[in-house]
>>> print(open('final-v4.cif').read())   # mmCIF, C-alpha atoms
data_start
loop_
_atom_site.label_atom_id
_atom_site.label_comp_id
_atom_site.auth_asym_id
_atom_site.auth_seq_id
_atom_site.Cartn_x
_atom_site.Cartn_y
_atom_site.Cartn_z
CA MET A 621 12.21 -7.03 23.41
CA LEU A 622 13.29 -6.30 27.01
CA THR A 623 14.52 -2.72 27.20
CA ALA A 624 16.44 -1.06 30.02
CA GLU A 625 13.69 1.55 30.26
CA LEU A 626 10.95 -1.03 30.78
CA ALA A 627 13.13 -3.02 33.22
CA GLN A 628 13.89 0.04 35.34
CA ARG A 629 10.22 0.96 35.36
CA VAL A 630 9.42 -2.45 36.89
CA VAL A 631 12.14 -2.08 39.49
CA ASP A 632 10.91 1.39 40.45
CA GLN A 633 7.34 0.12 40.76
CA VAL A 634 8.18 -2.78 43.08
CA ARG A 635 10.80 -0.93 45.16
CA PRO A 636 8.30 0.63 47.62
CA VAL A 637 6.72 -2.72 48.48
CA VAL A 638 9.71 -5.08 48.27
CA GLU A 639 12.34 -4.83 50.97
CA HIS A 640 14.88 -6.78 48.95
CA ASN A 641 17.02 -5.44 46.14
CA VAL A 642 15.74 -6.32 42.66
CA ASN A 643 17.98 -6.53 39.60
CA ILE A 644 16.95 -7.20 36.03
CA MET A 645 19.55 -8.48 33.59
CA ASP A 646 19.49 -8.63 29.80
CA ASP A 647 20.01 -11.71 27.63
CA ARG A 648 23.79 -11.51 28.21
CA GLY A 649 23.53 -11.40 32.01
CA VAL A 650 24.36 -7.68 32.28
CA ILE A 651 22.40 -5.68 34.87
CA ILE A 652 20.19 -3.16 33.03
CA ALA A 653 17.92 -2.17 35.94
CA SER A 654 18.49 -2.15 39.68
CA ALA A 655 17.44 -0.51 42.90
CA ASP A 656 21.20 -0.05 43.40
CA PRO A 657 22.44 2.27 40.59
CA SER A 658 26.06 1.31 41.25
CA ARG A 659 25.39 -2.18 39.85
CA LEU A 660 24.11 -1.03 36.46
CA GLY A 661 26.22 -2.28 33.57
CA THR A 662 27.96 -4.98 35.58
CA SER A 663 27.94 -8.66 34.71
CA HIS A 664 25.96 -11.02 36.95
CA ASP A 665 27.26 -14.61 37.02
CA GLY A 666 24.04 -15.94 38.55
CA ALA A 667 22.08 -14.49 35.65
CA ILE A 668 24.53 -15.97 33.14
CA ALA A 669 24.04 -19.38 34.72
CA ALA A 670 20.23 -19.01 34.71
CA LEU A 671 20.32 -18.11 31.01
CA ALA A 672 22.48 -21.11 30.22
CA LYS A 673 20.28 -23.52 32.19
CA ARG A 674 16.96 -21.88 31.28
CA ASP A 675 16.10 -22.53 34.90
CA ILE A 676 16.16 -20.78 38.27
CA VAL A 677 19.56 -20.41 39.94
CA ARG A 678 19.77 -20.09 43.72
CA ILE A 679 22.84 -18.58 45.37
CA ALA A 680 23.22 -19.35 49.05
CA ARG A 681 25.98 -16.82 49.86
CA ASP A 682 27.55 -13.70 48.38
CA ARG A 683 30.06 -14.07 45.55
CA GLU A 684 32.38 -11.65 43.78
CA GLN A 685 29.93 -10.85 40.96
CA SER A 686 26.65 -11.76 42.61
CA LYS A 687 24.98 -11.72 45.97
CA ALA A 688 22.93 -14.32 47.75
CA GLY A 689 19.49 -14.65 46.23
CA VAL A 690 17.67 -16.17 43.30
CA ASN A 691 17.85 -15.59 39.55
CA VAL A 692 14.83 -16.51 37.45
CA PRO A 693 15.09 -16.50 33.63
CA LEU A 694 12.55 -14.55 31.59
CA VAL A 695 11.43 -16.85 28.78
CA ILE A 696 8.99 -15.36 26.29
CA ASP A 697 7.80 -17.30 23.26
CA GLY A 698 10.60 -19.79 23.84
CA GLU A 699 13.31 -17.14 23.92
CA ALA A 700 15.32 -16.23 27.03
CA VAL A 701 15.22 -12.43 26.99
CA GLY A 702 16.61 -11.70 30.45
CA VAL A 703 16.77 -12.61 34.12
CA VAL A 704 15.15 -11.29 37.30
CA GLY A 705 17.34 -11.42 40.37
CA VAL A 706 16.30 -10.73 43.95
CA THR A 707 18.87 -10.60 46.75
CA GLY A 708 18.31 -12.33 50.06
CA LYS A 709 17.80 -15.78 51.44
CA PRO A 710 16.66 -17.90 48.46
CA SER A 711 13.76 -19.55 50.26
CA VAL A 712 12.44 -16.13 51.27
CA VAL A 713 12.92 -14.15 48.04
CA GLU A 714 12.03 -16.79 45.46
CA PRO A 715 8.25 -16.06 45.61
CA VAL A 716 9.05 -12.35 45.17
CA ALA A 717 11.23 -13.07 42.15
CA ARG A 718 8.52 -15.15 40.51
CA VAL A 719 5.98 -12.33 40.94
CA VAL A 720 8.42 -9.84 39.42
CA VAL A 721 9.00 -12.22 36.50
CA LEU A 722 5.26 -12.37 35.83
CA THR A 723 5.09 -8.57 35.99
CA VAL A 724 7.94 -8.15 33.51
CA MET A 725 6.47 -10.72 31.13
CA LEU A 726 3.09 -8.98 31.21
CA LEU A 727 4.65 -5.60 30.48
CA VAL A 728 6.83 -6.99 27.69
CA ARG A 729 3.77 -8.51 26.02
CA GLN A 730 1.86 -5.24 26.40
CA GLU A 731 4.73 -3.34 24.82
CA GLN A 732 4.86 -5.83 21.97
CA GLN A 733 1.12 -5.55 21.42
CA LEU A 734 1.47 -1.77 21.30
CA VAL A 735 4.28 -2.05 18.72
CA ASP A 736 2.20 -4.51 16.69
CA SER A 737 -0.81 -2.21 16.90
CA HIS A 738 1.19 0.75 15.61
CA TRP A 739 2.61 -1.40 12.83
CA ARG A 740 -0.83 -2.62 11.78
CA ALA A 741 -2.23 0.92 11.79
CA SER A 742 0.71 2.19 9.74
CA THR A 743 0.44 -0.69 7.26
CA LEU A 744 -3.29 -0.15 6.75
CA ARG A 745 -2.76 3.60 6.35
CA ASP A 746 -0.15 2.89 3.69
CA LEU A 747 -2.66 0.64 1.91
CA LEU A 748 -5.27 3.40 1.98
CA ASN A 749 -2.77 5.93 0.63
CA THR A 750 -1.94 3.48 -2.14
CA LEU A 751 -5.61 3.15 -3.11
CA ILE A 752 -5.91 6.92 -3.20
CA SER A 753 -2.69 7.80 -5.00
CA GLU A 754 -2.03 5.01 -7.49
CA PRO A 755 -4.07 4.67 -10.71
CA ARG A 756 -4.40 0.89 -10.43
CA VAL A 757 -4.04 -1.47 -7.49
CA SER A 758 -4.32 -5.23 -7.87
CA GLU A 759 -6.66 -7.42 -5.86
CA ALA A 760 -3.66 -9.54 -4.84
CA ARG A 761 -1.92 -6.50 -3.36
CA VAL A 762 -4.92 -5.47 -1.26
CA SER A 763 -5.51 -9.03 -0.07
CA ALA A 764 -1.82 -9.53 0.78
CA VAL A 765 -1.76 -6.48 3.06
CA LEU A 766 -4.90 -7.62 4.85
CA ASP A 767 -3.39 -11.08 5.28
CA ASP A 768 -0.19 -9.55 6.72
CA VAL A 769 -2.09 -7.58 9.40
CA GLY A 770 -4.11 -10.62 10.38
CA ARG A 771 -7.41 -9.47 8.85
CA PRO A 772 -7.71 -11.66 5.73
CA SER A 773 -10.45 -10.69 3.32
CA ARG A 774 -11.35 -10.73 -0.36
CA PRO A 775 -13.66 -8.84 -2.74
CA PRO A 776 -16.27 -7.65 -3.27
CA TRP A 777 -15.28 -4.53 -1.33
CA SER A 778 -16.94 -1.48 0.09
CA VAL A 779 -15.25 1.60 1.53
CA LEU A 780 -16.75 4.37 3.63
CA VAL A 781 -15.68 7.31 5.76
CA ALA A 782 -17.06 8.29 9.16
CA PHE A 783 -16.83 11.68 10.82
CA ASP A 784 -17.26 11.61 14.59
CA THR A 785 -19.75 14.38 15.37
CA ALA A 786 -19.93 13.56 19.09
CA GLY A 787 -17.75 16.57 19.94
CA THR A 788 -14.18 17.81 19.77
CA ASP A 789 -13.02 15.43 22.51
CA ALA A 790 -14.26 12.32 20.70
CA GLN A 791 -11.49 9.96 19.63
CA PRO A 792 -11.43 8.20 16.23
CA SER A 793 -10.86 4.94 18.13
CA ARG A 794 -14.41 5.25 19.47
CA LEU A 795 -15.74 4.53 15.99
CA GLU A 796 -13.14 1.86 15.25
CA SER A 797 -13.97 0.01 18.46
CA SER A 798 -17.64 -0.06 17.46
CA MET A 799 -16.72 -2.73 14.90
CA THR A 800 -15.48 -5.21 17.51
CA GLY A 801 -16.53 -8.73 16.62
CA LEU A 802 -17.10 -8.06 12.92
CA ASP A 803 -15.06 -10.06 10.44
CA ASN A 804 -13.87 -8.55 7.15
CA VAL A 805 -14.01 -4.98 8.49
CA VAL A 806 -10.92 -2.87 9.20
CA GLY A 807 -10.83 0.71 10.47
CA ILE A 808 -8.12 3.11 9.31
CA GLU A 809 -7.66 6.50 10.95
CA ARG A 810 -6.38 9.15 8.54
CA ALA A 811 -6.20 12.89 9.22
CA GLY A 812 -8.93 12.75 11.87
CA VAL A 813 -11.35 10.77 9.68
CA VAL A 814 -12.00 7.06 10.16
CA TRP A 815 -12.15 4.98 6.99
CA PHE A 816 -13.64 1.50 6.99
CA LEU A 817 -12.70 -1.09 4.40
CA LEU A 818 -15.17 -3.94 4.13
CA GLY A 819 -14.26 -7.21 2.45
CA ARG A 820 -16.65 -9.88 1.21
CA ALA A 821 -19.08 -6.98 1.21
CA ASN A 822 -22.79 -7.39 0.71
CA ASP A 823 -25.82 -5.43 1.85
CA GLY A 824 -25.98 -7.36 5.13
CA VAL A 825 -22.41 -6.63 6.22
CA ARG A 826 -22.59 -3.04 5.03
CA ASN A 827 -25.88 -2.40 6.81
CA VAL A 828 -24.49 -3.71 10.11
CA VAL A 829 -21.53 -1.34 9.84
CA LEU A 830 -23.75 1.61 8.94
CA ASP A 831 -26.15 0.83 11.80
CA ARG A 832 -23.31 0.75 14.34
CA LEU A 833 -21.92 4.06 13.11
CA ARG A 834 -25.38 5.61 13.01
CA SER A 835 -26.00 4.55 16.62
CA ARG A 836 -22.90 6.53 17.63
CA GLY A 837 -24.05 9.67 15.88
CA ALA A 838 -21.37 9.57 13.19
CA THR A 839 -21.75 11.24 9.82
CA VAL A 840 -21.06 8.62 7.16
CA VAL A 841 -20.39 8.75 3.43
CA ALA A 842 -20.37 5.29 1.87
CA GLY A 843 -19.04 4.05 -1.44
CA ARG A 844 -20.83 1.46 -3.53
CA PRO A 845 -21.97 -1.63 -1.60
CA SER A 846 -20.25 -4.34 -3.64
CA ALA A 847 -17.20 -3.10 -5.55
CA THR A 848 -14.49 -4.74 -7.57
CA THR A 849 -10.92 -3.78 -6.70
CA ALA A 850 -10.87 -1.30 -9.60
CA GLU A 851 -14.10 0.28 -8.33
CA LEU A 852 -12.69 0.34 -4.80
CA VAL A 853 -9.77 2.46 -6.06
CA VAL A 854 -12.17 4.93 -7.68
CA ASP A 855 -14.35 5.19 -4.57
CA ALA A 856 -11.28 5.74 -2.36
CA LYS A 857 -10.09 8.58 -4.61
CA ARG A 858 -13.52 10.24 -4.58
CA LEU A 859 -13.84 9.92 -0.81
CA ASP A 860 -10.40 11.45 -0.38
CA ILE A 861 -11.44 14.49 -2.43
CA LEU A 862 -14.67 14.77 -0.49
CA THR A 863 -13.06 14.56 2.96
CA ARG A 864 -10.51 17.24 2.02
CA THR A 865 -12.88 19.71 0.41
CA THR A 866 -16.45 19.37 1.63
CA LYS A 867 -17.81 19.59 5.15
CA VAL A 868 -20.42 16.97 6.00
CA ASN A 869 -21.46 16.82 9.66
CA ASP A 870 -25.20 16.24 9.89
CA SER A 871 -25.00 12.86 11.68
CA GLY A 872 -26.57 11.27 8.63
CA VAL A 873 -25.66 8.36 6.37
CA HIS A 874 -25.03 9.37 2.75
CA GLU A 875 -24.16 7.56 -0.46
CA LEU A 876 -20.99 8.75 -2.16
CA SER A 877 -22.88 8.91 -5.45
CA GLY A 878 -24.88 11.83 -4.05
CA PHE A 879 -21.73 14.00 -3.95
CA ALA A 880 -20.75 13.64 -7.60
CA LEU A 881 -21.19 17.35 -8.24
CA GLU A 882 -19.21 18.42 -5.17
CA ILE A 883 -16.36 16.10 -6.13
CA LEU A 884 -16.26 17.42 -9.69
CA LEU A 885 -16.29 21.04 -8.52
CA ALA A 886 -13.60 20.36 -5.94
CA GLN A 887 -11.20 19.44 -8.73
CA GLN A 888 -11.42 22.82 -10.45
CA ALA A 889 -9.50 25.94 -9.41
CA THR A 890 -10.73 27.45 -6.13
CA GLU A 891 -11.32 30.87 -7.68
CA LEU A 892 -13.72 29.32 -10.20
CA SER A 893 -15.83 27.74 -7.48
CA THR A 894 -15.74 30.94 -5.44
CA ASP A 895 -16.91 33.00 -8.41
CA CYS A 896 -19.67 30.50 -9.24
CA ALA A 897 -21.04 30.62 -5.69
CA SER A 898 -20.77 34.39 -5.21
CA ARG A 899 -22.40 35.32 -8.54
CA THR A 900 -25.50 33.24 -7.81
CA LEU A 901 -25.77 33.28 -4.03
CA GLY A 902 -24.33 36.71 -3.26
CA PRO A 903 -27.69 38.54 -3.31
CA LEU A 904 -29.46 35.91 -1.15
CA SER A 905 -29.93 35.92 2.62
CA ALA A 906 -29.19 32.84 4.69
CA THR A 907 -32.94 32.09 4.84
CA LEU A 908 -33.31 32.22 1.08
CA ARG A 909 -30.23 30.05 0.56
CA HIS A 910 -31.61 27.47 2.99
CA THR A 911 -34.99 27.55 1.25
CA ALA A 912 -33.31 26.96 -2.10
CA ALA A 913 -31.39 23.98 -0.71
CA VAL A 914 -34.55 22.46 0.78
CA VAL A 915 -36.54 22.89 -2.44
CA LEU A 916 -33.77 21.16 -4.39
CA ALA A 917 -33.60 18.36 -1.83
CA HIS A 918 -37.36 17.77 -2.25
CA ASP A 919 -37.39 17.50 -6.05
CA LEU A 920 -38.67 21.07 -6.52
CA SER A 921 -41.93 20.26 -4.72
CA VAL A 922 -43.35 23.33 -2.99
CA VAL A 923 -45.65 21.23 -0.80
CA ALA A 924 -42.90 18.88 0.41
CA SER A 925 -40.52 21.80 0.93
CA ALA A 926 -43.08 23.70 2.99
CA ALA A 927 -43.50 20.67 5.27
CA ALA A 928 -39.74 20.34 5.67
CA LEU A 929 -39.36 24.04 6.44
CA HIS A 930 -42.38 24.05 8.79
CA ALA A 931 -43.71 26.93 6.74
CA HIS A 932 -46.92 27.67 4.83
CA ARG A 933 -46.96 26.82 1.14
CA ASN A 934 -47.50 30.48 0.28
CA THR A 935 -44.40 31.40 2.30
CA VAL A 936 -42.30 29.07 0.19
CA VAL A 937 -43.80 30.49 -3.00
CA GLN A 938 -43.02 34.02 -1.84
CA ARG A 939 -39.41 33.05 -1.09
CA LEU A 940 -39.03 31.41 -4.51
CA ASN A 941 -40.37 34.56 -6.14
CA ARG A 942 -37.89 36.62 -4.12
CA ILE A 943 -35.00 34.30 -5.19
CA GLN A 944 -36.07 34.78 -8.81
CA ALA A 945 -36.20 38.55 -8.43
CA LEU A 946 -32.68 38.67 -6.92
CA THR A 947 -30.94 36.09 -9.12
CA GLY A 948 -33.09 35.64 -12.21
CA LEU A 949 -33.43 31.93 -11.39
CA ASP A 950 -36.83 30.25 -11.20
CA LEU A 951 -36.19 27.12 -9.15
CA ARG A 952 -39.42 25.58 -10.41
CA THR A 953 -37.70 25.03 -13.76
CA PHE A 954 -35.09 22.35 -14.36
CA ASP A 955 -32.26 24.43 -15.88
CA ASP A 956 -32.42 27.14 -13.24
CA ALA A 957 -32.59 24.53 -10.49
CA VAL A 958 -29.40 22.94 -11.86
CA THR A 959 -27.66 26.33 -11.80
CA MET A 960 -28.66 26.82 -8.16
CA ARG A 961 -27.55 23.29 -7.27
CA ILE A 962 -24.11 23.97 -8.74
CA ALA A 963 -23.82 27.26 -6.84
CA LEU A 964 -24.77 25.66 -3.52
CA ALA A 965 -22.29 22.82 -4.11
CA ALA A 966 -19.54 25.33 -4.92
CA GLU A 967 -20.30 27.23 -1.72
CA SER A 968 -20.09 24.07 0.40
CA ILE A 969 -16.57 23.52 -0.97
CA ASN A 970 -15.48 27.10 -0.33
CA ARG A 971 -16.52 26.92 3.32
CA THR A 972 -14.04 24.13 4.19
#
>>> encode(input="final-v4.cif", output="structure tokens")
Amino acid sequence: MLTAELAQRVVDQVRPVVEHNVNIMDDRGVIIASADPSRLGTSHDGAIAALAKRDIVRIARDREQSKAGVNVPLVIDGEAVGVVGVTGKPSVVEPVARVVVLTVMLLVRQEQQLVDSHWRASTLRDLLNTLISEPRVSEARVSAVLDDVGRPSRPPWSVLVAFDTAGTDAQPSRLESSMTGLDNVVGIERAGVVWFLLGRANDGVRNVVLDRLRSRGATVVAGRPSATTAELVVDAKRLDILTRTTKVNDSGVHELSGFALEILLAQQATELSTDCASRTLGPLSATLRHTAAVVLAHDLSVVASAAALHAHRNTVVQRLNRIQALTGLDLRTFDDAVTMRIALAAESINRT
């Protein structure tokens, strides 16, 4: 708990403002940090006595293994982890020693919190990897991990991924911290993408999470709103495929169900997707490809597509005629529209 590195860091920090020598001893009374390097590794009888008594030991005059001063035990969570010693007249240096003790205790707790934080993050990441890689995961297993990390929760579940589109300098923790104060929500950073696992999920909880992520400009893809543990496993697997193969960065909120085609295509050989996209889209300009995507997104309505493109209806008709001339596909018919949808989905995968 109390390392020599941390102890020496404290000594080095107080040295410029404390005129007395400061030693820090471990739980055996051995000096592990000192302003006097020659004393490192030596036994300190005042510290040994302070550890035994669990109380401050004052030494009025120099001894063979200790100098005049005070020795204050470091007791954290009921355990004596070390001793702070300050040389000098006890009545003068005791206040200094007590301040150093408080400093060490604060730093030890901060270090422990950091270790705990890393452990929690690693444990949650392992849980996520389990959901993605194993065919079946029990409710008890998911709940047990959440209990262990101090975030107890139960089904129904919901899982979603958030891409921070605020810029290259944005940290995943920015999105995780946006959930402060929410119960039954844990954030898990994985390969630059933040996953959120919601327990006791319902539309209310899910909508709060989505609203907070939307307010930070994140792009979100969300699994079903109220899933069993078996459904949670399926959604996690699909989201994993999506995050690895398809680029989504429009600062919008999307339902995972809307990417069924992309997920299916992502599981076939890359050369098949490449060929599918190039055969259909190869003859089309960027403008015609965008027009095709907009028409598909607006249920093949020329009027709605024209409004979305800020173009005249006749312009959209002309572009559709041009697409038909170049590809043989009339996007005003269902079968040809499906073919174009597949080609655009295949292209979105190939671009990642």
>>> resolve_selection(input="final-v4.cif", expression="the PyMOL selection byres ((chain A and resi 778) around 9)", output="count of residues only")
22
>>> residues_near_point(input="final-v4.cif", point="(-30.7, 36.6, -0.5)", cutoff="10 Å", atoms="all atoms listed in the file", output="list of chain:residue names")
A:Thr900, A:Leu901, A:Gly902, A:Pro903, A:Leu904, A:Ser905, A:Ala906, A:Thr907, A:Leu908, A:Arg909, A:His910, A:Arg939, A:Arg942, A:Ile943, A:Ala945, A:Leu946, A:Thr947
>>> residues_near_point(input="final-v4.cif", point="(28.1, -1.5, 31.7)", cutoff="10 Å", atoms="only C-alpha atoms", output="MDAnalysis selection string")
chainID A and resid 650:652 659:663
>>> resolve_selection(input="final-v4.cif", expression="the PyMOL selection byres ((chain A and resi 672) around 12)", output="count of residues only")
25
>>> resolve_selection(input="final-v4.cif", expression="the PyMOL selection byres ((chain A and resi 865) around 8)", output="list in words")
Ile861, Leu862, Thr863, Arg864, Thr866, Lys867, Ala886, Ile969, Asn970 and Thr972 of chain A
>>> residues_around(input="final-v4.cif", residues="His930 of chain A", least_positions_apart="6", cutoff="12 Å", atoms="all atoms listed in the file", output="mmCIF file with C-alpha atoms, in the coordinates of the input")
data_model
loop_
_atom_site.group_PDB
_atom_site.id
_atom_site.type_symbol
_atom_site.label_atom_id
_atom_site.label_comp_id
_atom_site.auth_asym_id
_atom_site.auth_seq_id
_atom_site.Cartn_x
_atom_site.Cartn_y
_atom_site.Cartn_z
ATOM 1 C CA THR A 911 -34.990 27.550 1.250
ATOM 2 C CA VAL A 914 -34.550 22.460 0.780
ATOM 3 C CA VAL A 922 -43.350 23.330 -2.990
ATOM 4 C CA VAL A 923 -45.650 21.230 -0.800
ATOM 5 C CA ALA A 924 -42.900 18.880 0.410
ATOM 6 C CA VAL A 936 -42.300 29.070 0.190
#
>>> closest_residue(input="final-v4.cif", among="A:Ala655, A:Leu795, A:Val631, A:Met621", to="Gln733 of chain A", atoms="only C-alpha atoms")
A:Met621
>>> closest_residue(input="final-v4.cif", among="A:Arg635, A:Arg745, A:Arg681, A:Arg740", to="Val716 of chain A", atoms="only C-alpha atoms")
A:Arg635
>>> closest_residue(input="final-v4.cif", among="A:Val828, A:Val854, A:Ala627, A:Leu964", to="Pro755 of chain A", atoms="only C-alpha atoms")
A:Val854
>>> atom_distance(input="final-v4.cif", atom1="atom CA of Gln944 of chain A", atom2="atom CA of Leu884 of chain A")
26.4 Å
>>> closest_residue(input="final-v4.cif", among="A:Leu622, A:Val712, A:Ala764, A:Val724", to="Leu744 of chain A", atoms="all atoms listed in the file")
A:Ala764
>>> atom_distance(input="final-v4.cif", atom1="atom CA of Arg952 of chain A", atom2="atom CA of Ser898 of chain A")
21.3 Å
>>> decode(input="final-v4.cif", residues="segment 856-865 of chain A", atoms="all heavy atoms", output="PDB file, in the first residue's frame")
ATOM      1  N   ALA A 856     -24.729  -7.260 -28.236  1.00  0.00           N
ATOM      2  CA  ALA A 856     -23.312  -6.959 -28.048  1.00  0.00           C
ATOM      3  C   ALA A 856     -22.493  -7.478 -29.232  1.00  0.00           C
ATOM      4  O   ALA A 856     -21.581  -6.796 -29.724  1.00  0.00           O
ATOM      5  CB  ALA A 856     -22.811  -7.574 -26.747  1.00  0.00           C
ATOM      6  N   LYS A 857     -22.804  -8.666 -29.712  1.00  0.00           N
ATOM      7  CA  LYS A 857     -22.092  -9.235 -30.856  1.00  0.00           C
ATOM      8  C   LYS A 857     -22.316  -8.388 -32.105  1.00  0.00           C
ATOM      9  O   LYS A 857     -21.381  -8.121 -32.883  1.00  0.00           O
ATOM     10  CB  LYS A 857     -22.552 -10.672 -31.098  1.00  0.00           C
ATOM     11  CG  LYS A 857     -22.035 -11.673 -30.063  1.00  0.00           C
ATOM     12  CD  LYS A 857     -22.637 -13.044 -30.267  1.00  0.00           C
ATOM     13  CE  LYS A 857     -21.956 -14.119 -29.438  1.00  0.00           C
ATOM     14  NZ  LYS A 857     -21.738 -13.802 -28.037  1.00  0.00           N
ATOM     15  N   ARG A 858     -23.546  -7.961 -32.336  1.00  0.00           N
ATOM     16  CA  ARG A 858     -23.852  -7.146 -33.517  1.00  0.00           C
ATOM     17  C   ARG A 858     -23.169  -5.780 -33.431  1.00  0.00           C
ATOM     18  O   ARG A 858     -22.650  -5.280 -34.432  1.00  0.00           O
ATOM     19  CB  ARG A 858     -25.363  -6.982 -33.644  1.00  0.00           C
ATOM     20  CG  ARG A 858     -26.070  -8.259 -34.082  1.00  0.00           C
ATOM     21  CD  ARG A 858     -27.571  -8.102 -34.071  1.00  0.00           C
ATOM     22  NE  ARG A 858     -28.226  -9.299 -34.608  1.00  0.00           N
ATOM     23  CZ  ARG A 858     -29.504  -9.584 -34.459  1.00  0.00           C
ATOM     24  NH1 ARG A 858     -30.291  -8.770 -33.759  1.00  0.00           N
ATOM     25  NH2 ARG A 858     -30.025 -10.687 -34.981  1.00  0.00           N
ATOM     26  N   LEU A 859     -23.184  -5.182 -32.252  1.00  0.00           N
ATOM     27  CA  LEU A 859     -22.519  -3.883 -32.093  1.00  0.00           C
ATOM     28  C   LEU A 859     -21.013  -4.013 -32.300  1.00  0.00           C
ATOM     29  O   LEU A 859     -20.379  -3.108 -32.848  1.00  0.00           O
ATOM     30  CB  LEU A 859     -22.826  -3.302 -30.713  1.00  0.00           C
ATOM     31  CG  LEU A 859     -24.231  -2.716 -30.541  1.00  0.00           C
ATOM     32  CD1 LEU A 859     -24.513  -2.422 -29.072  1.00  0.00           C
ATOM     33  CD2 LEU A 859     -24.390  -1.450 -31.380  1.00  0.00           C
ATOM     34  N   ASP A 860     -20.440  -5.116 -31.855  1.00  0.00           N
ATOM     35  CA  ASP A 860     -19.013  -5.332 -32.073  1.00  0.00           C
ATOM     36  C   ASP A 860     -18.693  -5.383 -33.561  1.00  0.00           C
ATOM     37  O   ASP A 860     -17.730  -4.752 -34.027  1.00  0.00           O
ATOM     38  CB  ASP A 860     -18.577  -6.626 -31.396  1.00  0.00           C
ATOM     39  CG  ASP A 860     -17.135  -6.987 -31.711  1.00  0.00           C
ATOM     40  OD1 ASP A 860     -16.244  -6.178 -31.376  1.00  0.00           O
ATOM     41  OD2 ASP A 860     -16.897  -8.059 -32.294  1.00  0.00           O
ATOM     42  N   ILE A 861     -19.487  -6.114 -34.325  1.00  0.00           N
ATOM     43  CA  ILE A 861     -19.279  -6.178 -35.775  1.00  0.00           C
ATOM     44  C   ILE A 861     -19.407  -4.791 -36.390  1.00  0.00           C
ATOM     45  O   ILE A 861     -18.587  -4.365 -37.212  1.00  0.00           O
ATOM     46  CB  ILE A 861     -20.288  -7.149 -36.421  1.00  0.00           C
ATOM     47  CG1 ILE A 861     -20.025  -8.580 -35.953  1.00  0.00           C
ATOM     48  CG2 ILE A 861     -20.225  -7.062 -37.942  1.00  0.00           C
ATOM     49  CD1 ILE A 861     -21.117  -9.559 -36.338  1.00  0.00           C
ATOM     50  N   LEU A 862     -20.421  -4.065 -35.957  1.00  0.00           N
ATOM     51  CA  LEU A 862     -20.671  -2.736 -36.520  1.00  0.00           C
ATOM     52  C   LEU A 862     -19.521  -1.775 -36.227  1.00  0.00           C
ATOM     53  O   LEU A 862     -19.062  -1.052 -37.114  1.00  0.00           O
ATOM     54  CB  LEU A 862     -21.980  -2.181 -35.953  1.00  0.00           C
ATOM     55  CG  LEU A 862     -22.474  -0.869 -36.582  1.00  0.00           C
ATOM     56  CD1 LEU A 862     -22.927  -1.116 -38.011  1.00  0.00           C
ATOM     57  CD2 LEU A 862     -23.626  -0.299 -35.757  1.00  0.00           C
ATOM     58  N   THR A 863     -19.045  -1.766 -34.981  1.00  0.00           N
ATOM     59  CA  THR A 863     -17.984  -0.824 -34.619  1.00  0.00           C
ATOM     60  C   THR A 863     -16.671  -1.143 -35.325  1.00  0.00           C
ATOM     61  O   THR A 863     -15.848  -0.257 -35.531  1.00  0.00           O
ATOM     62  CB  THR A 863     -17.738  -0.817 -33.098  1.00  0.00           C
ATOM     63  OG1 THR A 863     -17.409  -2.145 -32.662  1.00  0.00           O
ATOM     64  CG2 THR A 863     -18.965  -0.328 -32.354  1.00  0.00           C
ATOM     65  N   ARG A 864     -16.471  -2.397 -35.702  1.00  0.00           N
ATOM     66  CA  ARG A 864     -15.225  -2.789 -36.373  1.00  0.00           C
ATOM     67  C   ARG A 864     -15.272  -2.623 -37.880  1.00  0.00           C
ATOM     68  O   ARG A 864     -14.221  -2.587 -38.524  1.00  0.00           O
ATOM     69  CB  ARG A 864     -14.881  -4.238 -36.028  1.00  0.00           C
ATOM     70  CG  ARG A 864     -14.433  -4.462 -34.600  1.00  0.00           C
ATOM     71  CD  ARG A 864     -13.942  -5.868 -34.365  1.00  0.00           C
ATOM     72  NE  ARG A 864     -15.022  -6.852 -34.391  1.00  0.00           N
ATOM     73  CZ  ARG A 864     -15.258  -7.690 -35.372  1.00  0.00           C
ATOM     74  NH1 ARG A 864     -14.494  -7.671 -36.463  1.00  0.00           N
ATOM     75  NH2 ARG A 864     -16.250  -8.565 -35.306  1.00  0.00           N
ATOM     76  N   THR A 865     -16.463  -2.528 -38.444  1.00  0.00           N
ATOM     77  CA  THR A 865     -16.553  -2.572 -39.906  1.00  0.00           C
ATOM     78  C   THR A 865     -17.213  -1.372 -40.561  1.00  0.00           C
ATOM     79  O   THR A 865     -16.979  -1.104 -41.736  1.00  0.00           O
ATOM     80  CB  THR A 865     -17.333  -3.828 -40.342  1.00  0.00           C
ATOM     81  OG1 THR A 865     -18.664  -3.784 -39.807  1.00  0.00           O
ATOM     82  CG2 THR A 865     -16.635  -5.095 -39.862  1.00  0.00           C
TER      83      THR A 865
END
